[in-house]
Amino acid sequence: MTTRNWLIALALFALALALRLGDLGTFLTIDEPRWIEWSANFSGGLLSPDYACSSHANKKETVHGLRCTIRIYQPGVTTMWLGSLGLQLYYWQHIAPTGVDLLTFLSQPPTFTPELIRDVRLPFVIVNAAFCALLYLLLSRLISPHLSLITALLITLSPVHAALSRVAHHDALTTTCLVLALLLIIGYRLHEWGWRWFVLSAILTGLAILSKPMGWIMPIYLVAFNAWLIWQRREWRYMQQLTKETVIWLMLVLLTIWLLFPALWAIPREVIYTMLVENSNIANEGHSQFFLGEVSDNPGVWFYPINWFWQLTTVELLGLLGGLLILRHKPRPQPVHVAFILFIILYTLLVIYSPKKQARYLLPAIPIITVFIALGLAKLSRLIWQSPPKPVLYGFILLLQLGSLWQHYPYYFTYYNDWLGGTQLAPQYITVGWGEGLEQAAAYLNQQPQAKSLHVASWYSDIFQAYSISQPAEFNDDGRGQLSADYVVFYINQIQRQKPYPGLIDYFRQQPPVFTFDAPTLFGPPLHWVEVYPAPAATPIKGAPKIEGVAQLLAYKLHNPHPSPLPVGEDKNKENLPLPLGEDKNKENLPLPLGEGRGEGVVTFTLYLRVLGPLAPDTTLSLIGRDAANQPQGNWRFRNTIGEWQMGHIVEWHGQIILPRPPYKLSVSYQFNDGKIIKELELKH
C-alpha cells in the first residue's frame, strides 16, 4: 500500500464526511426516534443493574440491567452501541453541566433537539464515511487502483448511500460490516492475505449479524465460495484445509456476537429465540408497499431490480451501458469477479424471497454491483477517448454525482433516476419518502396563533411530534382522530398506499392544503411530499358505532351547544319531518348556515359518517333528542349531505334540531319512513 493510496483514501474520507455532516440535526427519519430511545435503554442497562426499561417482548413488563440491551428482534446491537456513544457525547456537552446525572438522563424520554439528533448521528457518519475510504484501500488490493477509485467515488457520491449513512439506523452499518468482511475473506482466499485479515473478516461478520439478520448471508456465502474453490482445485487436502478454517471462522463469528451482545450474558435463551423465531415470524408478515400502481405486502421478485434502477444516477447508467458493451465480447471473468458475482446472486436471492421488503435492504449488494459499473465506465471512456486521462474521468464522475446530491440536499432520500422521470414520476411506481419534510410541516404549524393548543393528527406522528409544540391527535384507522383535529398532516407514502382508507384521504384532499413541503424535481412542477389540511375539530364518537351495511358514525360537531329561544314568529314544527339523505325540500344543495344564533331550542349540528353501503329507498337517518326519562323530544330539519353517498366516502350531514327543552342526550336513528326505528346510535358529548 503506497503513500498515494493512503492520501486518496484520506481524501475520500474527507469528501464523504463533507457530504454527510451538513445540517445533520435538521430532520428525523421514521425509525430513528425508536433507535435513539433504545440506545438510551442499551446504555443504561450496561451502566447499572438497577436501570429499568420496558421488556422488548411485553411493553407492560419492566425489566432491569442487561435485559435492557435487547430491544428488537433484528437485533440492531451495533446501532445501539453507536447510538449510546452519540448519547454520551450529547450528555457530556449539554446535560452534565446542568447537574443531571447520566442514568437519570438515560431514563427520561429523549427530547429531539437538533443538537441531540446531530450528536447521536455523528458516530454513524464517521463509521460509514470511513467505509468509503476502506472500500478503496481493500479493492485496490483485489482489482486495479483505477477501478477501485471509480467504485469508491461512486459510493461516496451515491445519493442512496449518502442518505442512509447519515442517519441513526442499521442499513448502512450492515453494509459497512458485510462488504468489508466480504472483501477480506476474498483477499484471504484468493490472494493469501494474512491470518489477521481472516480474523477481522469473522469479527466484521459478527458485527453485521448483530446489526441485522442479513448478516447471516456471510456464512452461507463462505460455504458456497469454498465449494467453488474446491471445485476449481479438486484436492482433498485443500477441502480439509478450507473446512477447518471455516469452522474456526464460524467460532470467531459466534464469539464476537457473544462478546458484544450483553443480553446474551443474562438471558441467552430468550435472545436466541428472539433472533431466530421472532425475526422469522415478523419477516414472513411482509410490509405494505406501493409498487407499480398496486399496494401489496409482498410485491414480488421485481421489487428490488426496479427500485434499484430508480435509484441510479446518470453516471451509473453510463456504467451499465459500458458493462453491456463488455458482455458483447463474452470476457472470461477473473476469480475475484466470480467471487463478487456469487455474493450479488446469493444476497439478492435472500432479499427477493423474503416477504418483508424495503428498497434500502438491497444496500449491502450495491458497492459490489458498483465494481461492475466501474468496469463499464472504464470501458466506455476508452471507447470515447481511446486513452483518456484518468483525472478527466474522475472529474466527470465528481461533477455529475455532486449535481445529483446538491439538488436534493439535505435529505438525499428524495433523489430518483432523472432519466426515468425523477422525483416527479417515481411516486407513480414505487414507495417513496422516509419521514423527511415532516419537521417543516411542524415548523409551519408552530407559527400559527395559539399553536400550543392546536390538535394535530399526523402520519408518522412520533417524528412530527418531535418538532411540534401542538397537542397530538390520534391518526385512527377509522378517521375519528383526524376529524377531531384542528389540522391533519399527510405524507406522500401514506397517500400512495391510501392509508387509512381512500375515502378519508379524499375527504381532506378535496380542499387545497394550507402548507406543503415540495421535493425538488428536475422536470415539471415540484412534488408535494408533505401536505397540511385544516380539519373540522369535531367530537369523536366512542367506538365509532355502525349501522351495518349503511354507515359508520365517526364524529359530530355542535355549532351552538347551548341553544337559545327561537326567533319570534318561528314555527318550531316547520319542516319537522325527516328526509332521506340527499333529498332537499327547498331544492338547495347548501347546508344551513352554521354557527348562527338561532334562539333557545335550536341546535345546529354536523354529523360525519363513513358510508358502508346504500340507503334503502324507504329508510332515513334522523337526529333525536331524549330527555331524562329517555323520551324522544324535539323536531329536526336538515338539508343535503355534503359528499357523495358512495361506499367508503366520508359525508357531512348538516342540520338543526328544535328542542322544546334542553336535551340530556342526542342520538342518530336509522328508521323506516313509518317511524319504526331499526337502530339508534347515541352521540356522547
# chains A, B, ... in the order shown; residues from 1 in each chain; ligands from 1
$ select_by_dssp --residues "region 20-123 of chain A" --states "alpha helix (DSSP H)" --output "ChimeraX atom specification"
/A:20-21,32-47,77-90,102-107,114-123
$ residues_around --residues "region 140-147 of chain A" --least-positions-apart "6" --cutoff "10 Å" --atoms "only C-alpha atoms" --output "short mmCIF file (atom, residue, chain, number, x, y, z; two decimals) with C-alpha atoms, in the first residue's frame"
data_model
loop_
_atom_site.label_atom_id
_atom_site.label_comp_id
_atom_site.auth_asym_id
_atom_site.auth_seq_id
_atom_site.Cartn_x
_atom_site.Cartn_y
_atom_site.Cartn_z
CA MET A 1 0.00 0.00 0.00
CA ASN A 5 -3.17 5.09 -1.81
CA LEU A 134 -11.58 1.40 3.36
CA LEU A 153 -16.02 7.64 -5.77
CA LEU A 183 -13.50 -8.21 0.70
CA LEU A 184 -11.29 -9.51 3.49
CA ILE A 186 -11.93 -12.91 -0.70
CA GLY A 187 -8.44 -11.43 -0.23
CA LEU A 190 -7.63 -15.71 -3.43
CA HIS A 191 -4.54 -13.65 -2.60
CA TRP A 193 -3.68 -12.28 2.80
CA GLN A 334 -11.37 -13.32 -13.22
CA VAL A 336 -12.30 -12.08 -7.97
CA HIS A 337 -15.18 -11.22 -10.31
CA THR A 370 -20.79 -0.79 -8.39
CA VAL A 371 -17.50 -2.59 -9.10
CA PHE A 372 -19.02 -3.79 -12.37
CA ILE A 373 -20.46 -0.33 -13.07
CA ALA A 374 -16.89 0.98 -12.66
CA LEU A 375 -15.70 -1.61 -15.19
CA GLY A 376 -18.35 -0.36 -17.61
CA LEU A 377 -17.36 3.28 -17.13
CA ALA A 378 -13.71 2.48 -17.76
CA LYS A 390 -7.79 9.30 -15.65
CA TYR A 394 -12.68 11.19 -12.03
#
$ atom_distance --atom1 "CA of Val532 (chain A)" --atom2 "CA of Pro520 (chain A)"
18.2 Å
$ closest_atom_pairs --of "region 110-220 of chain A" --to "region 80-93 of chain A" --cutoff "7 Å" --atoms "only C-alpha atoms" --output "CSV"
residue,atom,partner,partner_atom,distance
A:Leu116,CA,A:Tyr90,CA,6.0
A:Asp119,CA,A:Gly86,CA,5.1
A:Val120,CA,A:Gly86,CA,3.8
A:Arg121,CA,A:Gly86,CA,6.7
A:Leu122,CA,A:Gly86,CA,6.7
A:Pro123,CA,A:Leu82,CA,5.9
A:Phe124,CA,A:Leu82,CA,6.6
A:Ala168,CA,A:Gly83,CA,6.9
$ closest_residue --among "A:Gly76, A:Gly215, A:Gly22, A:Pro389" --to "Leu182 (chain A)" --atoms "only C-alpha atoms"
A:Gly215
$ atom_distance --atom1 "CA of His528 (chain A)" --atom2 "CA of Gln465 (chain A)"
20.3 Å
$ residues_around --residues "Arg196 (chain A)" --least-positions-apart "5" --cutoff "12 Å" --atoms "only C-alpha atoms" --output "PyMOL selection string"
chain A and resi 184-185+187-188+201-203+249
$ write_last_selection --atoms "C-alpha atoms" --output "compact mmCIF listing (two decimals), in the first residue's frame"
# COMPACT_ATOMS: atom_id res chain seq x y z
CA LEU A 184 -11.29 -9.51 3.49
CA ILE A 185 -12.33 -13.14 3.10
CA GLY A 187 -8.44 -11.43 -0.23
CA TYR A 188 -7.55 -14.19 2.23
CA SER A 201 -13.41 -10.80 8.47
CA ALA A 202 -15.01 -13.02 11.13
CA ILE A 203 -15.31 -10.09 13.57
CA TRP A 249 -14.07 -18.61 11.29
